[in-house]
Amino acid sequence: EITLPESLKVIGESAFQSSGVRNVNLPEGVTSIEAFAFASCGWLDSITIPEAVTNIGDYAFTGCDGLTSITIPSGVTSIGTGVFSYCWYLNTVFLPEGLISIGDSAFADCRQLLNIEIPQGVTSIGDFAFRNCERLPVMTIPESVTSIGNSAFADCKQMTSVTISRGVKDIGSHAFDGCSSLAVMVLPEGLAAIEDSSFKDCAALENIVIMTARS
């Protein structure tokens with residue numbers, strides 16, 4: 001277990017990358033966790049991110065195989081590129097209401113991810129954001145989201161149902177490619193573009209429902 005001094009404000013880039021840390025207590029005054037700070041800490045199974053944190057850098061926790069649950073504090077408005085990618089046993093994620101964007105590959109290859117809800121207020125879901133989250137069962141995209149990135153949910157093989165609310169105008173290429181269990185898709189009436197191969201290899205897809213203004 002690592003206990004850091006209360007005076008600490010910033011965890012710098014690659015500060016603990018590839019170290020053997022298991023449990024980390026971050027002081028309440030920490031405001032920023034920089035890029036790769038805990039990347040490839042394969043033994044890390046417990047970390048509490050303080051409420052004062054407003055920045056989590058790209059790939060900060062990528063490859064932290066031991067993490068099973070994480071709560072993002074309310075001051076974080078953006079989850080950057082690859083922040084929790086390859087956290088293979090990450091099961092539950094709590095996202096804050098003030099979140100605005102989910103970056104490219106943010107949760108890519110979190111193969112045990114079961115519980116995550118995208119809050120109202122998020123406007124964009126990046127490329128590959130949830131790619132290969134094999135156990136993710138259902139997904140509801142809130143009205144605040146306007147775009148779903150390329151391959152954002154590709155190869156989510158156990159996903160059975162997706163509801164895309166009326167704010168979304170563009171579904172990126174390969175967005176749901178390889179979602180082989182996807183059976184029900186709810187699309188908004190105002191959707192402007194379904195890009196190349198968005199629903200390619202969705203072998204179980206039988207029902208597409210168009211959400212009208214009165215739905």
# chains A, B, ... in the order shown; residues from 1 in each chain; ligands from 1
>>> closest_atom_pairs(of="segment 9-90 of chain A", to="segment 98-111 of chain A", cutoff="8 Å", atoms="only C-alpha atoms", output="JSON lines")
{"residue": "A:Ser74", "atom": "CA", "partner": "A:Gly98", "partner_atom": "CA", "distance": 6.2}
{"residue": "A:Gly75", "atom": "CA", "partner": "A:Gly98", "partner_atom": "CA", "distance": 7.0}
{"residue": "A:Val76", "atom": "CA", "partner": "A:Leu99", "partner_atom": "CA", "distance": 6.4}
{"residue": "A:Thr77", "atom": "CA", "partner": "A:Leu99", "partner_atom": "CA", "distance": 4.1}
{"residue": "A:Ser78", "atom": "CA", "partner": "A:Ser101", "partner_atom": "CA", "distance": 4.9}
{"residue": "A:Ile79", "atom": "CA", "partner": "A:Ile102", "partner_atom": "CA", "distance": 5.0}
{"residue": "A:Gly80", "atom": "CA", "partner": "A:Gly103", "partner_atom": "CA", "distance": 4.6}
{"residue": "A:Thr81", "atom": "CA", "partner": "A:Asp104", "partner_atom": "CA", "distance": 4.8}
{"residue": "A:Gly82", "atom": "CA", "partner": "A:Ala106", "partner_atom": "CA", "distance": 4.1}
{"residue": "A:Val83", "atom": "CA", "partner": "A:Ala106", "partner_atom": "CA", "distance": 5.1}
{"residue": "A:Phe84", "atom": "CA", "partner": "A:Phe107", "partner_atom": "CA", "distance": 5.1}
{"residue": "A:Ser85", "atom": "CA", "partner": "A:Phe107", "partner_atom": "CA", "distance": 4.7}
{"residue": "A:Tyr86", "atom": "CA", "partner": "A:Asp109", "partner_atom": "CA", "distance": 4.8}
{"residue": "A:Cys87", "atom": "CA", "partner": "A:Cys110", "partner_atom": "CA", "distance": 5.1}
{"residue": "A:Trp88", "atom": "CA", "partner": "A:Cys110", "partner_atom": "CA", "distance": 4.6}
{"residue": "A:Tyr89", "atom": "CA", "partner": "A:Cys110", "partner_atom": "CA", "distance": 6.6}
{"residue": "A:Leu90", "atom": "CA", "partner": "A:Cys110", "partner_atom": "CA", "distance": 6.1}
>>> write_last_selection(atoms="N, CA and C atoms", output="PDB file, in the first residue's frame")
ATOM      1  N   SER A  74     -16.477  14.229  -9.799  1.00  0.00           N
ATOM      2  CA  SER A  74     -17.411  15.129 -10.479  1.00  0.00           C
ATOM      3  C   SER A  74     -16.728  16.258 -11.229  1.00  0.00           C
ATOM      4  N   GLY A  75     -15.496  16.593 -10.892  1.00  0.00           N
ATOM      5  CA  GLY A  75     -14.808  17.687 -11.566  1.00  0.00           C
ATOM      6  C   GLY A  75     -14.200  17.316 -12.904  1.00  0.00           C
ATOM      7  N   VAL A  76     -14.171  16.037 -13.223  1.00  0.00           N
ATOM      8  CA  VAL A  76     -13.591  15.587 -14.490  1.00  0.00           C
ATOM      9  C   VAL A  76     -14.626  15.745 -15.592  1.00  0.00           C
ATOM     10  N   THR A  77     -14.303  16.521 -16.620  1.00  0.00           N
ATOM     11  CA  THR A  77     -15.244  16.759 -17.721  1.00  0.00           C
ATOM     12  C   THR A  77     -14.901  15.965 -18.977  1.00  0.00           C
ATOM     13  N   SER A  78     -13.689  15.422 -19.031  1.00  0.00           N
ATOM     14  CA  SER A  78     -13.275  14.686 -20.221  1.00  0.00           C
ATOM     15  C   SER A  78     -12.438  13.473 -19.818  1.00  0.00           C
ATOM     16  N   ILE A  79     -12.754  12.338 -20.422  1.00  0.00           N
ATOM     17  CA  ILE A  79     -11.918  11.148 -20.263  1.00  0.00           C
ATOM     18  C   ILE A  79     -11.111  11.020 -21.539  1.00  0.00           C
ATOM     19  N   GLY A  80      -9.811  11.178 -21.425  1.00  0.00           N
ATOM     20  CA  GLY A  80      -8.954  11.284 -22.586  1.00  0.00           C
ATOM     21  C   GLY A  80      -8.674   9.964 -23.284  1.00  0.00           C
ATOM     22  N   THR A  81      -7.756  10.006 -24.201  1.00  0.00           N
ATOM     23  CA  THR A  81      -7.432   8.854 -25.032  1.00  0.00           C
ATOM     24  C   THR A  81      -6.882   7.701 -24.200  1.00  0.00           C
ATOM     25  N   GLY A  82      -7.503   6.539 -24.339  1.00  0.00           N
ATOM     26  CA  GLY A  82      -6.965   5.311 -23.781  1.00  0.00           C
ATOM     27  C   GLY A  82      -6.834   5.251 -22.276  1.00  0.00           C
ATOM     28  N   VAL A  83      -7.533   6.095 -21.547  1.00  0.00           N
ATOM     29  CA  VAL A  83      -7.310   6.221 -20.101  1.00  0.00           C
ATOM     30  C   VAL A  83      -7.442   4.875 -19.373  1.00  0.00           C
ATOM     31  N   PHE A  84      -8.490   4.127 -19.694  1.00  0.00           N
ATOM     32  CA  PHE A  84      -8.696   2.835 -19.036  1.00  0.00           C
ATOM     33  C   PHE A  84      -8.629   1.673 -20.029  1.00  0.00           C
ATOM     34  N   SER A  85      -7.985   1.874 -21.152  1.00  0.00           N
ATOM     35  CA  SER A  85      -7.884   0.803 -22.143  1.00  0.00           C
ATOM     36  C   SER A  85      -7.088  -0.376 -21.580  1.00  0.00           C
ATOM     37  N   TYR A  86      -7.471  -1.554 -22.015  1.00  0.00           N
ATOM     38  CA  TYR A  86      -6.784  -2.796 -21.617  1.00  0.00           C
ATOM     39  C   TYR A  86      -6.811  -3.044 -20.105  1.00  0.00           C
ATOM     40  N   CYS A  87      -7.811  -2.489 -19.428  1.00  0.00           N
ATOM     41  CA  CYS A  87      -8.070  -2.872 -18.031  1.00  0.00           C
ATOM     42  C   CYS A  87      -9.011  -4.074 -18.095  1.00  0.00           C
ATOM     43  N   TRP A  88      -8.453  -5.243 -18.317  1.00  0.00           N
ATOM     44  CA  TRP A  88      -9.224  -6.411 -18.721  1.00  0.00           C
ATOM     45  C   TRP A  88     -10.273  -6.842 -17.718  1.00  0.00           C
ATOM     46  N   TYR A  89     -10.052  -6.568 -16.425  1.00  0.00           N
ATOM     47  CA  TYR A  89     -10.992  -7.036 -15.410  1.00  0.00           C
ATOM     48  C   TYR A  89     -11.840  -5.908 -14.823  1.00  0.00           C
ATOM     49  N   LEU A  90     -11.774  -4.747 -15.436  1.00  0.00           N
ATOM     50  CA  LEU A  90     -12.613  -3.636 -14.984  1.00  0.00           C
ATOM     51  C   LEU A  90     -14.075  -3.971 -15.249  1.00  0.00           C
TER      52      LEU A  90
END
>>> residues_around(residues="segment 135-144 of chain A", least_positions_apart="4", cutoff="6 Å", atoms="only C-alpha atoms", output="list in words")
Gln112, Leu113, Leu114, Gln120, Gly121, Val122, Thr123, Gln158, Met159, Thr160, Ser161, Val162, Thr163, Ile164, Ser165, Arg166 and Gly167 of chain A
>>> write_last_selection(atoms="all heavy atoms", output="compact mmCIF listing (two decimals), in the first residue's frame")
# COMPACT_ATOMS: atom_id res chain seq x y z
N GLN A 112 -14.24 -7.27 -19.39
CA GLN A 112 -15.19 -7.69 -18.36
C GLN A 112 -16.17 -6.57 -17.98
O GLN A 112 -16.96 -6.74 -17.05
CB GLN A 112 -14.44 -8.15 -17.09
CG GLN A 112 -13.50 -9.32 -17.32
CD GLN A 112 -14.22 -10.56 -17.79
OE1 GLN A 112 -15.28 -10.92 -17.27
NE2 GLN A 112 -13.68 -11.23 -18.80
N LEU A 113 -16.14 -5.46 -18.70
CA LEU A 113 -16.99 -4.32 -18.34
C LEU A 113 -18.46 -4.67 -18.51
O LEU A 113 -18.91 -4.99 -19.61
CB LEU A 113 -16.62 -3.11 -19.20
CG LEU A 113 -17.33 -1.80 -18.85
CD1 LEU A 113 -17.04 -1.38 -17.41
CD2 LEU A 113 -16.91 -0.68 -19.81
N LEU A 114 -19.19 -4.58 -17.41
CA LEU A 114 -20.62 -4.89 -17.40
C LEU A 114 -21.48 -3.69 -17.06
O LEU A 114 -22.60 -3.55 -17.58
CB LEU A 114 -20.91 -5.99 -16.36
CG LEU A 114 -20.61 -7.45 -16.74
CD1 LEU A 114 -20.76 -8.33 -15.50
CD2 LEU A 114 -21.57 -7.91 -17.82
N GLN A 120 -26.26 11.99 -19.11
CA GLN A 120 -26.74 13.12 -19.88
C GLN A 120 -25.75 14.27 -19.72
O GLN A 120 -25.30 14.56 -18.61
CB GLN A 120 -28.12 13.55 -19.37
CG GLN A 120 -28.73 14.75 -20.05
CD GLN A 120 -29.13 14.46 -21.50
OE1 GLN A 120 -29.31 13.32 -21.90
NE2 GLN A 120 -29.27 15.51 -22.28
N GLY A 121 -25.37 14.89 -20.80
CA GLY A 121 -24.36 15.93 -20.80
C GLY A 121 -23.17 15.59 -21.65
O GLY A 121 -22.49 16.47 -22.19
N VAL A 122 -22.90 14.29 -21.81
CA VAL A 122 -21.84 13.86 -22.72
C VAL A 122 -22.25 14.20 -24.14
O VAL A 122 -23.37 13.90 -24.56
CB VAL A 122 -21.56 12.35 -22.58
CG1 VAL A 122 -20.63 11.86 -23.69
CG2 VAL A 122 -20.96 12.04 -21.22
N THR A 123 -21.36 14.82 -24.91
CA THR A 123 -21.69 15.22 -26.28
C THR A 123 -21.02 14.35 -27.34
O THR A 123 -21.51 14.27 -28.46
CB THR A 123 -21.31 16.69 -26.53
OG1 THR A 123 -19.90 16.84 -26.33
CG2 THR A 123 -22.07 17.62 -25.59
N GLN A 158 -21.43 -9.39 -26.72
CA GLN A 158 -22.59 -9.79 -25.93
C GLN A 158 -23.64 -8.69 -25.81
O GLN A 158 -24.64 -8.86 -25.12
CB GLN A 158 -22.15 -10.27 -24.54
CG GLN A 158 -21.30 -11.53 -24.60
CD GLN A 158 -21.00 -12.09 -23.24
OE1 GLN A 158 -21.80 -12.02 -22.31
NE2 GLN A 158 -19.81 -12.67 -23.07
N MET A 159 -23.43 -7.58 -26.49
CA MET A 159 -24.41 -6.50 -26.46
C MET A 159 -25.66 -6.92 -27.26
O MET A 159 -25.56 -7.31 -28.41
CB MET A 159 -23.81 -5.23 -27.05
CG MET A 159 -24.73 -4.01 -26.98
SD MET A 159 -23.94 -2.54 -27.67
CE MET A 159 -22.71 -2.19 -26.41
N THR A 160 -26.82 -6.84 -26.61
CA THR A 160 -28.05 -7.29 -27.24
C THR A 160 -28.97 -6.15 -27.66
O THR A 160 -29.81 -6.33 -28.55
CB THR A 160 -28.84 -8.22 -26.29
OG1 THR A 160 -29.14 -7.51 -25.08
CG2 THR A 160 -28.03 -9.47 -25.95
N SER A 161 -28.82 -4.98 -27.04
CA SER A 161 -29.74 -3.88 -27.32
C SER A 161 -29.03 -2.54 -27.21
O SER A 161 -28.24 -2.33 -26.29
CB SER A 161 -30.92 -3.93 -26.33
OG SER A 161 -31.76 -2.81 -26.49
N VAL A 162 -29.33 -1.66 -28.17
CA VAL A 162 -28.78 -0.30 -28.15
C VAL A 162 -29.90 0.69 -28.43
O VAL A 162 -30.67 0.51 -29.38
CB VAL A 162 -27.66 -0.12 -29.20
CG1 VAL A 162 -27.21 1.34 -29.26
CG2 VAL A 162 -26.48 -1.02 -28.89
N THR A 163 -29.99 1.72 -27.60
CA THR A 163 -30.92 2.82 -27.83
C THR A 163 -30.11 4.10 -28.06
O THR A 163 -29.34 4.51 -27.19
CB THR A 163 -31.88 3.02 -26.65
OG1 THR A 163 -32.65 1.84 -26.46
CG2 THR A 163 -32.81 4.20 -26.90
N ILE A 164 -30.28 4.68 -29.24
CA ILE A 164 -29.57 5.91 -29.58
C ILE A 164 -30.60 7.04 -29.57
O ILE A 164 -31.53 7.04 -30.38
CB ILE A 164 -28.90 5.79 -30.96
CG1 ILE A 164 -27.86 4.65 -30.93
CG2 ILE A 164 -28.23 7.10 -31.35
CD1 ILE A 164 -27.21 4.39 -32.27
N SER A 165 -30.44 7.97 -28.66
CA SER A 165 -31.42 9.03 -28.48
C SER A 165 -31.33 10.07 -29.58
O SER A 165 -30.39 10.09 -30.39
CB SER A 165 -31.26 9.67 -27.10
OG SER A 165 -31.47 8.71 -26.08
N ARG A 166 -32.29 11.00 -29.60
CA ARG A 166 -32.52 11.84 -30.77
C ARG A 166 -31.47 12.92 -31.00
O ARG A 166 -31.46 13.55 -32.03
CB ARG A 166 -33.90 12.49 -30.70
CG ARG A 166 -34.19 13.32 -29.46
CD ARG A 166 -35.58 13.95 -29.53
NE ARG A 166 -36.62 12.98 -29.76
CZ ARG A 166 -37.34 12.40 -28.80
NH1 ARG A 166 -37.10 12.69 -27.52
NH2 ARG A 166 -38.29 11.54 -29.08
N GLY A 167 -30.54 13.11 -30.09
CA GLY A 167 -29.50 14.10 -30.33
C GLY A 167 -28.45 13.65 -31.33
O GLY A 167 -27.77 14.47 -31.95
>>> residues_around(residues="segment 206-209 of chain A", least_positions_apart="4", cutoff="7 Å", atoms="only C-alpha atoms", output="PyMOL selection string")
chain A and resi 183-187
>>> select_by_dssp(residues="segment 82-184 of chain A", states="strand (DSSP E or B)", output="PDB file with all heavy atoms, in the first residue's frame")
ATOM      1  N   THR A  92     -16.964  -2.376 -13.293  1.00  0.00           N
ATOM      2  CA  THR A  92     -17.933  -1.322 -12.991  1.00  0.00           C
ATOM      3  C   THR A  92     -17.266   0.046 -13.040  1.00  0.00           C
ATOM      4  O   THR A  92     -16.205   0.242 -12.444  1.00  0.00           O
ATOM      5  CB  THR A  92     -18.552  -1.544 -11.595  1.00  0.00           C
ATOM      6  OG1 THR A  92     -19.194  -2.818 -11.559  1.00  0.00           O
ATOM      7  CG2 THR A  92     -19.578  -0.458 -11.280  1.00  0.00           C
ATOM      8  N   VAL A  93     -17.904   0.979 -13.764  1.00  0.00           N
ATOM      9  CA  VAL A  93     -17.395   2.350 -13.863  1.00  0.00           C
ATOM     10  C   VAL A  93     -18.525   3.315 -13.549  1.00  0.00           C
ATOM     11  O   VAL A  93     -19.630   3.196 -14.091  1.00  0.00           O
ATOM     12  CB  VAL A  93     -16.842   2.642 -15.274  1.00  0.00           C
ATOM     13  CG1 VAL A  93     -16.412   4.106 -15.391  1.00  0.00           C
ATOM     14  CG2 VAL A  93     -15.675   1.713 -15.599  1.00  0.00           C
ATOM     15  N   PHE A  94     -18.247   4.269 -12.674  1.00  0.00           N
ATOM     16  CA  PHE A  94     -19.209   5.331 -12.353  1.00  0.00           C
ATOM     17  C   PHE A  94     -18.716   6.633 -12.963  1.00  0.00           C
ATOM     18  O   PHE A  94     -17.652   7.137 -12.597  1.00  0.00           O
ATOM     19  CB  PHE A  94     -19.365   5.474 -10.833  1.00  0.00           C
ATOM     20  CG  PHE A  94     -19.915   4.255 -10.154  1.00  0.00           C
ATOM     21  CD1 PHE A  94     -19.063   3.338  -9.538  1.00  0.00           C
ATOM     22  CD2 PHE A  94     -21.281   3.999 -10.158  1.00  0.00           C
ATOM     23  CE1 PHE A  94     -19.565   2.212  -8.922  1.00  0.00           C
ATOM     24  CE2 PHE A  94     -21.793   2.864  -9.542  1.00  0.00           C
ATOM     25  CZ  PHE A  94     -20.933   1.966  -8.929  1.00  0.00           C
ATOM     26  N   SER A 101     -17.089  14.616 -22.592  1.00  0.00           N
ATOM     27  CA  SER A 101     -16.590  13.790 -23.699  1.00  0.00           C
ATOM     28  C   SER A 101     -15.901  12.526 -23.200  1.00  0.00           C
ATOM     29  O   SER A 101     -15.248  12.526 -22.150  1.00  0.00           O
ATOM     30  CB  SER A 101     -15.638  14.588 -24.587  1.00  0.00           C
ATOM     31  OG  SER A 101     -14.463  14.936 -23.879  1.00  0.00           O
ATOM     32  N   ILE A 102     -16.059  11.470 -24.006  1.00  0.00           N
ATOM     33  CA  ILE A 102     -15.368  10.201 -23.772  1.00  0.00           C
ATOM     34  C   ILE A 102     -14.426  10.016 -24.955  1.00  0.00           C
ATOM     35  O   ILE A 102     -14.857   9.911 -26.099  1.00  0.00           O
ATOM     36  CB  ILE A 102     -16.363   9.037 -23.662  1.00  0.00           C
ATOM     37  CG1 ILE A 102     -17.284   9.256 -22.454  1.00  0.00           C
ATOM     38  CG2 ILE A 102     -15.634   7.700 -23.541  1.00  0.00           C
ATOM     39  CD1 ILE A 102     -18.411   8.244 -22.337  1.00  0.00           C
ATOM     40  N   ASN A 115     -20.973  -2.822 -16.186  1.00  0.00           N
ATOM     41  CA  ASN A 115     -21.804  -1.767 -15.614  1.00  0.00           C
ATOM     42  C   ASN A 115     -21.196  -0.397 -15.881  1.00  0.00           C
ATOM     43  O   ASN A 115     -20.183  -0.024 -15.289  1.00  0.00           O
ATOM     44  CB  ASN A 115     -21.948  -1.973 -14.098  1.00  0.00           C
ATOM     45  CG  ASN A 115     -22.502  -3.334 -13.750  1.00  0.00           C
ATOM     46  OD1 ASN A 115     -23.607  -3.683 -14.147  1.00  0.00           O
ATOM     47  ND2 ASN A 115     -21.719  -4.132 -13.024  1.00  0.00           N
ATOM     48  N   GLN A 120     -26.260  11.988 -19.110  1.00  0.00           N
ATOM     49  CA  GLN A 120     -26.738  13.121 -19.879  1.00  0.00           C
ATOM     50  C   GLN A 120     -25.745  14.267 -19.718  1.00  0.00           C
ATOM     51  O   GLN A 120     -25.304  14.564 -18.613  1.00  0.00           O
ATOM     52  CB  GLN A 120     -28.123  13.546 -19.372  1.00  0.00           C
ATOM     53  CG  GLN A 120     -28.731  14.746 -20.054  1.00  0.00           C
ATOM     54  CD  GLN A 120     -29.133  14.457 -21.500  1.00  0.00           C
ATOM     55  OE1 GLN A 120     -29.312  13.320 -21.902  1.00  0.00           O
ATOM     56  NE2 GLN A 120     -29.272  15.508 -22.283  1.00  0.00           N
ATOM     57  N   VAL A 122     -22.898  14.294 -21.806  1.00  0.00           N
ATOM     58  CA  VAL A 122     -21.836  13.862 -22.717  1.00  0.00           C
ATOM     59  C   VAL A 122     -22.253  14.197 -24.145  1.00  0.00           C
ATOM     60  O   VAL A 122     -23.374  13.903 -24.560  1.00  0.00           O
ATOM     61  CB  VAL A 122     -21.564  12.351 -22.584  1.00  0.00           C
ATOM     62  CG1 VAL A 122     -20.634  11.856 -23.686  1.00  0.00           C
ATOM     63  CG2 VAL A 122     -20.961  12.036 -21.220  1.00  0.00           C
ATOM     64  N   SER A 124     -19.904  13.718 -26.993  1.00  0.00           N
ATOM     65  CA  SER A 124     -19.212  12.913 -28.002  1.00  0.00           C
ATOM     66  C   SER A 124     -18.628  11.648 -27.395  1.00  0.00           C
ATOM     67  O   SER A 124     -18.152  11.639 -26.255  1.00  0.00           O
ATOM     68  CB  SER A 124     -18.105  13.726 -28.672  1.00  0.00           C
ATOM     69  OG  SER A 124     -17.104  14.091 -27.743  1.00  0.00           O
ATOM     70  N   ILE A 125     -18.677  10.587 -28.198  1.00  0.00           N
ATOM     71  CA  ILE A 125     -18.069   9.302 -27.844  1.00  0.00           C
ATOM     72  C   ILE A 125     -17.029   9.020 -28.914  1.00  0.00           C
ATOM     73  O   ILE A 125     -17.344   8.907 -30.093  1.00  0.00           O
ATOM     74  CB  ILE A 125     -19.126   8.187 -27.788  1.00  0.00           C
ATOM     75  CG1 ILE A 125     -20.177   8.511 -26.718  1.00  0.00           C
ATOM     76  CG2 ILE A 125     -18.479   6.835 -27.502  1.00  0.00           C
ATOM     77  CD1 ILE A 125     -21.367   7.587 -26.732  1.00  0.00           C
ATOM     78  N   VAL A 138     -25.952  -3.973 -22.676  1.00  0.00           N
ATOM     79  CA  VAL A 138     -26.863  -3.014 -23.303  1.00  0.00           C
ATOM     80  C   VAL A 138     -26.225  -1.634 -23.240  1.00  0.00           C
ATOM     81  O   VAL A 138     -25.319  -1.384 -22.441  1.00  0.00           O
ATOM     82  CB  VAL A 138     -28.252  -2.971 -22.612  1.00  0.00           C
ATOM     83  CG1 VAL A 138     -28.970  -4.304 -22.730  1.00  0.00           C
ATOM     84  CG2 VAL A 138     -28.115  -2.566 -21.152  1.00  0.00           C
ATOM     85  N   MET A 139     -26.717  -0.734 -24.095  1.00  0.00           N
ATOM     86  CA  MET A 139     -26.199   0.629 -24.068  1.00  0.00           C
ATOM     87  C   MET A 139     -27.300   1.599 -24.469  1.00  0.00           C
ATOM     88  O   MET A 139     -28.016   1.370 -25.455  1.00  0.00           O
ATOM     89  CB  MET A 139     -25.008   0.769 -25.016  1.00  0.00           C
ATOM     90  CG  MET A 139     -24.386   2.155 -25.074  1.00  0.00           C
ATOM     91  SD  MET A 139     -23.857   2.815 -23.461  1.00  0.00           S
ATOM     92  CE  MET A 139     -22.573   1.636 -23.015  1.00  0.00           C
ATOM     93  N   THR A 140     -27.424   2.673 -23.685  1.00  0.00           N
ATOM     94  CA  THR A 140     -28.317   3.773 -24.020  1.00  0.00           C
ATOM     95  C   THR A 140     -27.473   5.036 -24.211  1.00  0.00           C
ATOM     96  O   THR A 140     -26.718   5.423 -23.315  1.00  0.00           O
ATOM     97  CB  THR A 140     -29.363   4.010 -22.914  1.00  0.00           C
ATOM     98  OG1 THR A 140     -30.181   2.848 -22.781  1.00  0.00           O
ATOM     99  CG2 THR A 140     -30.246   5.206 -23.252  1.00  0.00           C
ATOM    100  N   ILE A 141     -27.586   5.624 -25.384  1.00  0.00           N
ATOM    101  CA  ILE A 141     -26.852   6.854 -25.702  1.00  0.00           C
ATOM    102  C   ILE A 141     -27.778   8.028 -25.396  1.00  0.00           C
ATOM    103  O   ILE A 141     -28.839   8.153 -26.005  1.00  0.00           O
ATOM    104  CB  ILE A 141     -26.441   6.890 -27.186  1.00  0.00           C
ATOM    105  CG1 ILE A 141     -25.749   5.583 -27.603  1.00  0.00           C
ATOM    106  CG2 ILE A 141     -25.558   8.101 -27.454  1.00  0.00           C
ATOM    107  CD1 ILE A 141     -24.462   5.287 -26.907  1.00  0.00           C
ATOM    108  N   SER A 147     -22.516  12.722 -31.668  1.00  0.00           N
ATOM    109  CA  SER A 147     -21.752  11.860 -32.582  1.00  0.00           C
ATOM    110  C   SER A 147     -21.208  10.640 -31.863  1.00  0.00           C
ATOM    111  O   SER A 147     -20.800  10.715 -30.701  1.00  0.00           O
ATOM    112  CB  SER A 147     -20.603  12.638 -33.230  1.00  0.00           C
ATOM    113  OG  SER A 147     -19.658  13.042 -32.260  1.00  0.00           O
ATOM    114  N   ILE A 148     -21.215   9.524 -32.585  1.00  0.00           N
ATOM    115  CA  ILE A 148     -20.645   8.268 -32.104  1.00  0.00           C
ATOM    116  C   ILE A 148     -19.478   7.938 -33.022  1.00  0.00           C
ATOM    117  O   ILE A 148     -19.641   7.815 -34.235  1.00  0.00           O
ATOM    118  CB  ILE A 148     -21.690   7.141 -32.124  1.00  0.00           C
ATOM    119  CG1 ILE A 148     -22.864   7.491 -31.194  1.00  0.00           C
ATOM    120  CG2 ILE A 148     -21.068   5.810 -31.708  1.00  0.00           C
ATOM    121  CD1 ILE A 148     -24.023   6.522 -31.286  1.00  0.00           C
ATOM    122  N   SER A 161     -28.823  -4.982 -27.041  1.00  0.00           N
ATOM    123  CA  SER A 161     -29.745  -3.885 -27.322  1.00  0.00           C
ATOM    124  C   SER A 161     -29.030  -2.543 -27.213  1.00  0.00           C
ATOM    125  O   SER A 161     -28.238  -2.331 -26.287  1.00  0.00           O
ATOM    126  CB  SER A 161     -30.923  -3.929 -26.333  1.00  0.00           C
ATOM    127  OG  SER A 161     -31.764  -2.812 -26.485  1.00  0.00           O
ATOM    128  N   VAL A 162     -29.333  -1.655 -28.168  1.00  0.00           N
ATOM    129  CA  VAL A 162     -28.777  -0.301 -28.152  1.00  0.00           C
ATOM    130  C   VAL A 162     -29.897   0.688 -28.432  1.00  0.00           C
ATOM    131  O   VAL A 162     -30.670   0.513 -29.384  1.00  0.00           O
ATOM    132  CB  VAL A 162     -27.664  -0.122 -29.203  1.00  0.00           C
ATOM    133  CG1 VAL A 162     -27.212   1.338 -29.262  1.00  0.00           C
ATOM    134  CG2 VAL A 162     -26.482  -1.023 -28.891  1.00  0.00           C
ATOM    135  N   THR A 163     -29.986   1.723 -27.599  1.00  0.00           N
ATOM    136  CA  THR A 163     -30.916   2.824 -27.834  1.00  0.00           C
ATOM    137  C   THR A 163     -30.111   4.099 -28.058  1.00  0.00           C
ATOM    138  O   THR A 163     -29.337   4.508 -27.195  1.00  0.00           O
ATOM    139  CB  THR A 163     -31.879   3.024 -26.647  1.00  0.00           C
ATOM    140  OG1 THR A 163     -32.655   1.840 -26.457  1.00  0.00           O
ATOM    141  CG2 THR A 163     -32.813   4.204 -26.901  1.00  0.00           C
ATOM    142  N   ILE A 164     -30.276   4.677 -29.243  1.00  0.00           N
ATOM    143  CA  ILE A 164     -29.573   5.913 -29.585  1.00  0.00           C
ATOM    144  C   ILE A 164     -30.597   7.041 -29.574  1.00  0.00           C
ATOM    145  O   ILE A 164     -31.531   7.044 -30.376  1.00  0.00           O
ATOM    146  CB  ILE A 164     -28.900   5.792 -30.960  1.00  0.00           C
ATOM    147  CG1 ILE A 164     -27.863   4.650 -30.932  1.00  0.00           C
ATOM    148  CG2 ILE A 164     -28.230   7.104 -31.354  1.00  0.00           C
ATOM    149  CD1 ILE A 164     -27.208   4.393 -32.266  1.00  0.00           C
ATOM    150  N   ASP A 170     -24.851  11.524 -36.284  1.00  0.00           N
ATOM    151  CA  ASP A 170     -23.914  10.750 -37.090  1.00  0.00           C
ATOM    152  C   ASP A 170     -23.438   9.521 -36.320  1.00  0.00           C
ATOM    153  O   ASP A 170     -22.997   9.633 -35.170  1.00  0.00           O
ATOM    154  CB  ASP A 170     -22.719  11.624 -37.470  1.00  0.00           C
ATOM    155  CG  ASP A 170     -21.728  10.885 -38.341  1.00  0.00           C
ATOM    156  OD1 ASP A 170     -21.915  10.868 -39.563  1.00  0.00           O
ATOM    157  OD2 ASP A 170     -20.763  10.314 -37.795  1.00  0.00           O
ATOM    158  N   ILE A 171     -23.550   8.356 -36.960  1.00  0.00           N
ATOM    159  CA  ILE A 171     -23.012   7.109 -36.413  1.00  0.00           C
ATOM    160  C   ILE A 171     -21.796   6.750 -37.248  1.00  0.00           C
ATOM    161  O   ILE A 171     -21.893   6.537 -38.451  1.00  0.00           O
ATOM    162  CB  ILE A 171     -24.056   5.979 -36.457  1.00  0.00           C
ATOM    163  CG1 ILE A 171     -25.277   6.347 -35.602  1.00  0.00           C
ATOM    164  CG2 ILE A 171     -23.452   4.671 -35.955  1.00  0.00           C
ATOM    165  CD1 ILE A 171     -26.409   5.340 -35.685  1.00  0.00           C
ATOM    166  N   VAL A 184     -31.683  -5.734 -31.160  1.00  0.00           N
ATOM    167  CA  VAL A 184     -32.606  -4.602 -31.214  1.00  0.00           C
ATOM    168  C   VAL A 184     -31.814  -3.303 -31.257  1.00  0.00           C
ATOM    169  O   VAL A 184     -30.933  -3.066 -30.422  1.00  0.00           O
ATOM    170  CB  VAL A 184     -33.558  -4.586 -29.999  1.00  0.00           C
ATOM    171  CG1 VAL A 184     -34.484  -3.372 -30.069  1.00  0.00           C
ATOM    172  CG2 VAL A 184     -34.371  -5.873 -29.923  1.00  0.00           C
TER     173      VAL A 184
END
>>> closest_residue(among="A:Ser197, A:Ser151, A:Leu191, A:Leu67", to="Thr212 of chain A", atoms="only C-alpha atoms")
A:Leu191
>>> closest_residue(among="A:Pro188, A:Pro73, A:Gly178, A:Gly12", to="Val145 of chain A", atoms="only C-alpha atoms")
A:Pro188
>>> atom_distance(atom1="atom CA of Asn23 of chain A", atom2="atom CA of Ile116 of chain A")
22.9 Å
